[in-house]
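Encoded as structure tokens, the structure appears first; notes follow it.
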Amino acid sequence: QVQLVESGGGLVQAGGSLRLSCVASGSIFSFNFMGWYRQAPGKQRELVATITSSGNTDYADSMKGRFTISRDNAKNTVYLQMNSLKPEDTAVYYCRGVRNVATFWGQGTQVTVSS
């Protein structure tokens, strides 16, 4: 069973930065793509950023220029560097991995941005 474990969330002031990590229990090469999603209270889960097995990235418009997704295959880890954080970035951030038709989610990590 694949496990994805997120870490790196916390409380930060507006304008600050955080780096989230998602460690997979197996090789991330096996995933077609991996991504970060977030869910704020009372809202639907939304896409933040994705990265394919070949390293191609994609971002939600509101995150472009502020967030960067990357991967370290040797560490089976996907990162999300978040800069210039805003209070509206407050949410639980989830890691997702897709392997063929199967999708896997982590348990989430809370990010809270104070104004």
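We label chains A, B, ... in the order they appear in the structure tokens, count residues from 1 in each chain, and number ligands from 1 in the order shown.
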
Which residues, written as number ranges by chain, have at least one atom at most 9 Å from Gly10 in chain A, with only C-alpha atoms counted and residues fewer than 2 positions away on the same chain left out? A: 8, 12, 18, 109-113

Would you export the selected residues with all heavy atoms as a PDB file, in the first residue's frame, please?
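Final file, again.pdb:
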```pdb
ATOM      1  N   GLY A   8       5.703  19.970   7.149  1.00  0.00           N
ATOM      2  CA  GLY A   8       6.194  21.310   6.855  1.00  0.00           C
ATOM      3  C   GLY A   8       5.180  22.420   7.045  1.00  0.00           C
ATOM      4  O   GLY A   8       5.528  23.598   6.918  1.00  0.00           O
ATOM      5  N   VAL A  12       2.454  31.011   9.884  1.00  0.00           N
ATOM      6  CA  VAL A  12       3.408  31.982   9.346  1.00  0.00           C
ATOM      7  C   VAL A  12       2.682  33.302   9.120  1.00  0.00           C
ATOM      8  O   VAL A  12       1.479  33.323   8.875  1.00  0.00           O
ATOM      9  CB  VAL A  12       4.022  31.447   8.028  1.00  0.00           C
ATOM     10  CG1 VAL A  12       2.969  31.278   6.946  1.00  0.00           C
ATOM     11  CG2 VAL A  12       5.168  32.306   7.559  1.00  0.00           C
ATOM     12  N   LEU A  18       6.999  29.024   3.484  1.00  0.00           N
ATOM     13  CA  LEU A  18       7.022  27.680   4.043  1.00  0.00           C
ATOM     14  C   LEU A  18       7.404  26.714   2.927  1.00  0.00           C
ATOM     15  O   LEU A  18       7.116  26.970   1.749  1.00  0.00           O
ATOM     16  CB  LEU A  18       5.656  27.266   4.594  1.00  0.00           C
ATOM     17  CG  LEU A  18       5.195  27.816   5.944  1.00  0.00           C
ATOM     18  CD1 LEU A  18       3.762  27.383   6.220  1.00  0.00           C
ATOM     19  CD2 LEU A  18       6.105  27.352   7.072  1.00  0.00           C
ATOM     20  N   THR A 109      -1.486  18.576   5.685  1.00  0.00           N
ATOM     21  CA  THR A 109      -0.749  19.379   6.656  1.00  0.00           C
ATOM     22  C   THR A 109      -1.342  20.780   6.671  1.00  0.00           C
ATOM     23  O   THR A 109      -1.623  21.347   5.612  1.00  0.00           O
ATOM     24  CB  THR A 109       0.756  19.395   6.337  1.00  0.00           C
ATOM     25  OG1 THR A 109       1.460  20.098   7.369  1.00  0.00           O
ATOM     26  CG2 THR A 109       1.062  20.047   4.998  1.00  0.00           C
ATOM     27  N   GLN A 110      -1.557  21.308   7.856  1.00  0.00           N
ATOM     28  CA  GLN A 110      -2.225  22.604   8.000  1.00  0.00           C
ATOM     29  C   GLN A 110      -1.249  23.751   7.782  1.00  0.00           C
ATOM     30  O   GLN A 110      -0.157  23.774   8.367  1.00  0.00           O
ATOM     31  CB  GLN A 110      -2.840  22.723   9.398  1.00  0.00           C
ATOM     32  CG  GLN A 110      -3.487  24.072   9.688  1.00  0.00           C
ATOM     33  CD  GLN A 110      -4.775  24.281   8.919  1.00  0.00           C
ATOM     34  OE1 GLN A 110      -5.624  23.395   8.858  1.00  0.00           O
ATOM     35  NE2 GLN A 110      -4.923  25.471   8.330  1.00  0.00           N
ATOM     36  N   VAL A 111      -1.670  24.682   6.961  1.00  0.00           N
ATOM     37  CA  VAL A 111      -0.936  25.937   6.760  1.00  0.00           C
ATOM     38  C   VAL A 111      -1.859  27.076   7.175  1.00  0.00           C
ATOM     39  O   VAL A 111      -2.976  27.189   6.671  1.00  0.00           O
ATOM     40  CB  VAL A 111      -0.507  26.111   5.299  1.00  0.00           C
ATOM     41  CG1 VAL A 111       0.067  27.508   5.062  1.00  0.00           C
ATOM     42  CG2 VAL A 111       0.514  25.046   4.914  1.00  0.00           C
ATOM     43  N   THR A 112      -1.378  27.890   8.088  1.00  0.00           N
ATOM     44  CA  THR A 112      -2.151  29.033   8.549  1.00  0.00           C
ATOM     45  C   THR A 112      -1.318  30.292   8.365  1.00  0.00           C
ATOM     46  O   THR A 112      -0.190  30.365   8.857  1.00  0.00           O
ATOM     47  CB  THR A 112      -2.545  28.885  10.024  1.00  0.00           C
ATOM     48  OG1 THR A 112      -3.289  27.679  10.199  1.00  0.00           O
ATOM     49  CG2 THR A 112      -3.400  30.063  10.474  1.00  0.00           C
ATOM     50  N   VAL A 113      -1.868  31.253   7.640  1.00  0.00           N
ATOM     51  CA  VAL A 113      -1.170  32.508   7.369  1.00  0.00           C
ATOM     52  C   VAL A 113      -1.915  33.627   8.089  1.00  0.00           C
ATOM     53  O   VAL A 113      -3.092  33.887   7.813  1.00  0.00           O
ATOM     54  CB  VAL A 113      -1.105  32.799   5.862  1.00  0.00           C
ATOM     55  CG1 VAL A 113      -0.285  34.059   5.616  1.00  0.00           C
ATOM     56  CG2 VAL A 113      -0.509  31.614   5.115  1.00  0.00           C
TER      57      VAL A 113
END
```

Skip Gly35 in chain A itself and residues of its chain fewer than 6 positions away, then list as a ChimeraX atom specification all residues within 9 Å of it, counting only C-alpha atoms. /A:47-52,69,78,94-98

For the selection you just gave me, I'd like the residues written to a file as a PDB file, in the first residue's frame, keeping N, CA, C and O atoms.
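Result file follows (result-v7.pdb):
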```pdb
ATOM      1  N   LEU A  47      -6.760  22.457  -6.835  1.00  0.00           N
ATOM      2  CA  LEU A  47      -5.406  22.188  -7.293  1.00  0.00           C
ATOM      3  C   LEU A  47      -4.482  23.347  -6.940  1.00  0.00           C
ATOM      4  O   LEU A  47      -4.852  24.522  -7.079  1.00  0.00           O
ATOM      5  N   VAL A  48      -3.280  23.002  -6.499  1.00  0.00           N
ATOM      6  CA  VAL A  48      -2.240  24.005  -6.286  1.00  0.00           C
ATOM      7  C   VAL A  48      -1.189  23.883  -7.387  1.00  0.00           C
ATOM      8  O   VAL A  48      -0.911  24.838  -8.100  1.00  0.00           O
ATOM      9  N   ALA A  49      -0.606  22.692  -7.495  1.00  0.00           N
ATOM     10  CA  ALA A  49       0.456  22.489  -8.478  1.00  0.00           C
ATOM     11  C   ALA A  49       0.644  20.991  -8.706  1.00  0.00           C
ATOM     12  O   ALA A  49       0.358  20.183  -7.824  1.00  0.00           O
ATOM     13  N   THR A  50       1.130  20.652  -9.901  1.00  0.00           N
ATOM     14  CA  THR A  50       1.436  19.263 -10.217  1.00  0.00           C
ATOM     15  C   THR A  50       2.804  19.172 -10.884  1.00  0.00           C
ATOM     16  O   THR A  50       3.298  20.144 -11.461  1.00  0.00           O
ATOM     17  N   ILE A  51       3.388  17.977 -10.803  1.00  0.00           N
ATOM     18  CA  ILE A  51       4.651  17.713 -11.463  1.00  0.00           C
ATOM     19  C   ILE A  51       4.589  16.285 -12.003  1.00  0.00           C
ATOM     20  O   ILE A  51       4.186  15.362 -11.290  1.00  0.00           O
ATOM     21  N   THR A  52       4.972  16.124 -13.266  1.00  0.00           N
ATOM     22  CA  THR A  52       4.913  14.804 -13.882  1.00  0.00           C
ATOM     23  C   THR A  52       6.198  14.026 -13.600  1.00  0.00           C
ATOM     24  O   THR A  52       7.176  14.579 -13.078  1.00  0.00           O
ATOM     25  N   ILE A  69       6.785  23.845  -7.243  1.00  0.00           N
ATOM     26  CA  ILE A  69       6.768  22.416  -6.955  1.00  0.00           C
ATOM     27  C   ILE A  69       8.041  21.794  -7.532  1.00  0.00           C
ATOM     28  O   ILE A  69       8.503  22.180  -8.611  1.00  0.00           O
ATOM     29  N   VAL A  78       8.391  14.975  -2.865  1.00  0.00           N
ATOM     30  CA  VAL A  78       7.939  16.122  -3.649  1.00  0.00           C
ATOM     31  C   VAL A  78       7.790  17.304  -2.697  1.00  0.00           C
ATOM     32  O   VAL A  78       7.292  17.147  -1.582  1.00  0.00           O
ATOM     33  N   TYR A  94      -2.732  19.014   0.799  1.00  0.00           N
ATOM     34  CA  TYR A  94      -2.667  17.574   0.597  1.00  0.00           C
ATOM     35  C   TYR A  94      -1.756  17.227  -0.571  1.00  0.00           C
ATOM     36  O   TYR A  94      -1.730  17.924  -1.595  1.00  0.00           O
ATOM     37  N   CYS A  95      -1.072  16.113  -0.419  1.00  0.00           N
ATOM     38  CA  CYS A  95      -0.254  15.566  -1.485  1.00  0.00           C
ATOM     39  C   CYS A  95      -1.056  14.463  -2.175  1.00  0.00           C
ATOM     40  O   CYS A  95      -1.750  13.684  -1.509  1.00  0.00           O
ATOM     41  N   ARG A  96      -0.945  14.416  -3.473  1.00  0.00           N
ATOM     42  CA  ARG A  96      -1.648  13.393  -4.253  1.00  0.00           C
ATOM     43  C   ARG A  96      -0.676  12.768  -5.235  1.00  0.00           C
ATOM     44  O   ARG A  96       0.126  13.455  -5.854  1.00  0.00           O
ATOM     45  N   GLY A  97      -0.774  11.445  -5.373  1.00  0.00           N
ATOM     46  CA  GLY A  97       0.013  10.725  -6.360  1.00  0.00           C
ATOM     47  C   GLY A  97      -0.910   9.886  -7.230  1.00  0.00           C
ATOM     48  O   GLY A  97      -1.820   9.254  -6.707  1.00  0.00           O
ATOM     49  N   VAL A  98      -0.678   9.895  -8.516  1.00  0.00           N
ATOM     50  CA  VAL A  98      -1.491   9.120  -9.448  1.00  0.00           C
ATOM     51  C   VAL A  98      -0.603   8.117 -10.149  1.00  0.00           C
ATOM     52  O   VAL A  98       0.420   8.495 -10.752  1.00  0.00           O
TER      53      VAL A  98
END
```

Who sits within 6 Å of Ala91 in chain A, only C-alpha atoms, same chain under 6 positions skipped, as a tab-separated table (two decimals) with C-alpha atoms, in the first residue's frame:
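Output file result03.tsv follows:
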```tsv
chain	number	residue	atom	x	y	z
A	38	ARG	CA	-5.51	22.45	-0.70
A	39	GLN	CA	-8.81	22.75	1.06
A	40	ALA	CA	-9.88	25.77	3.07
A	111	VAL	CA	-0.94	25.94	6.76
```

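You can rank A:Ser54, A:Thr103, A:Ser17, A:Ser114 by their closest distance to Gln3 in chain A using only C-alpha atoms, and at the top of that list sits A:Thr103.
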
Using backbone DSSP assignments, extract all strand (DSSP E) residues from range 68-100 of chain A; output them as an MDAnalysis selection string. chainID A and resid 68:72 77:82 91:99

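Once Phe67 in chain A and its same-chain neighbours fewer than 5 positions away are set aside, Ser17, Leu18, Arg19, Val48, Ala49, Tyr59, Ala60, Ser62, Leu80, Gln81, Met82, Asn83, Ser84 and Leu85 of chain A remain within 10 Å of it when counting only C-alpha atoms.
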
Would you pick out the contacts of Lys86 in chain A at 6 Å or less, using only C-alpha atoms, so that residues sharing its chain but fewer than 2 positions from it are not included, and give the list as a ChimeraX atom specification? /A:14,88-89

Would you export the selected residues with N, CA, C and O atoms as a JSON list (two decimals), in the first residue's frame, please?
```json
[["chain", "number", "residue", "atom", "x", "y", "z"],
["A", 14, "ALA", "N", 1.80, 36.79, 7.09],
["A", 14, "ALA", "CA", 1.65, 37.16, 5.68],
["A", 14, "ALA", "C", 2.98, 37.68, 5.14],
["A", 14, "ALA", "O", 3.69, 38.43, 5.82],
["A", 88, "GLU", "N", -5.28, 34.24, 2.57],
["A", 88, "GLU", "CA", -6.16, 33.37, 1.78],
["A", 88, "GLU", "C", -5.51, 32.06, 1.37],
["A", 88, "GLU", "O", -6.17, 31.19, 0.80],
["A", 89, "ASP", "N", -4.22, 31.92, 1.65],
["A", 89, "ASP", "CA", -3.54, 30.63, 1.41],
["A", 89, "ASP", "C", -3.76, 29.66, 2.57],
["A", 89, "ASP", "O", -3.34, 28.50, 2.49]]
```

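Between Val92 in chain A and the residues A:Ser21, A:Thr57, A:Val2, A:Tyr37, the shortest atom-to-atom distance, using only C-alpha atoms, involves A:Tyr37.
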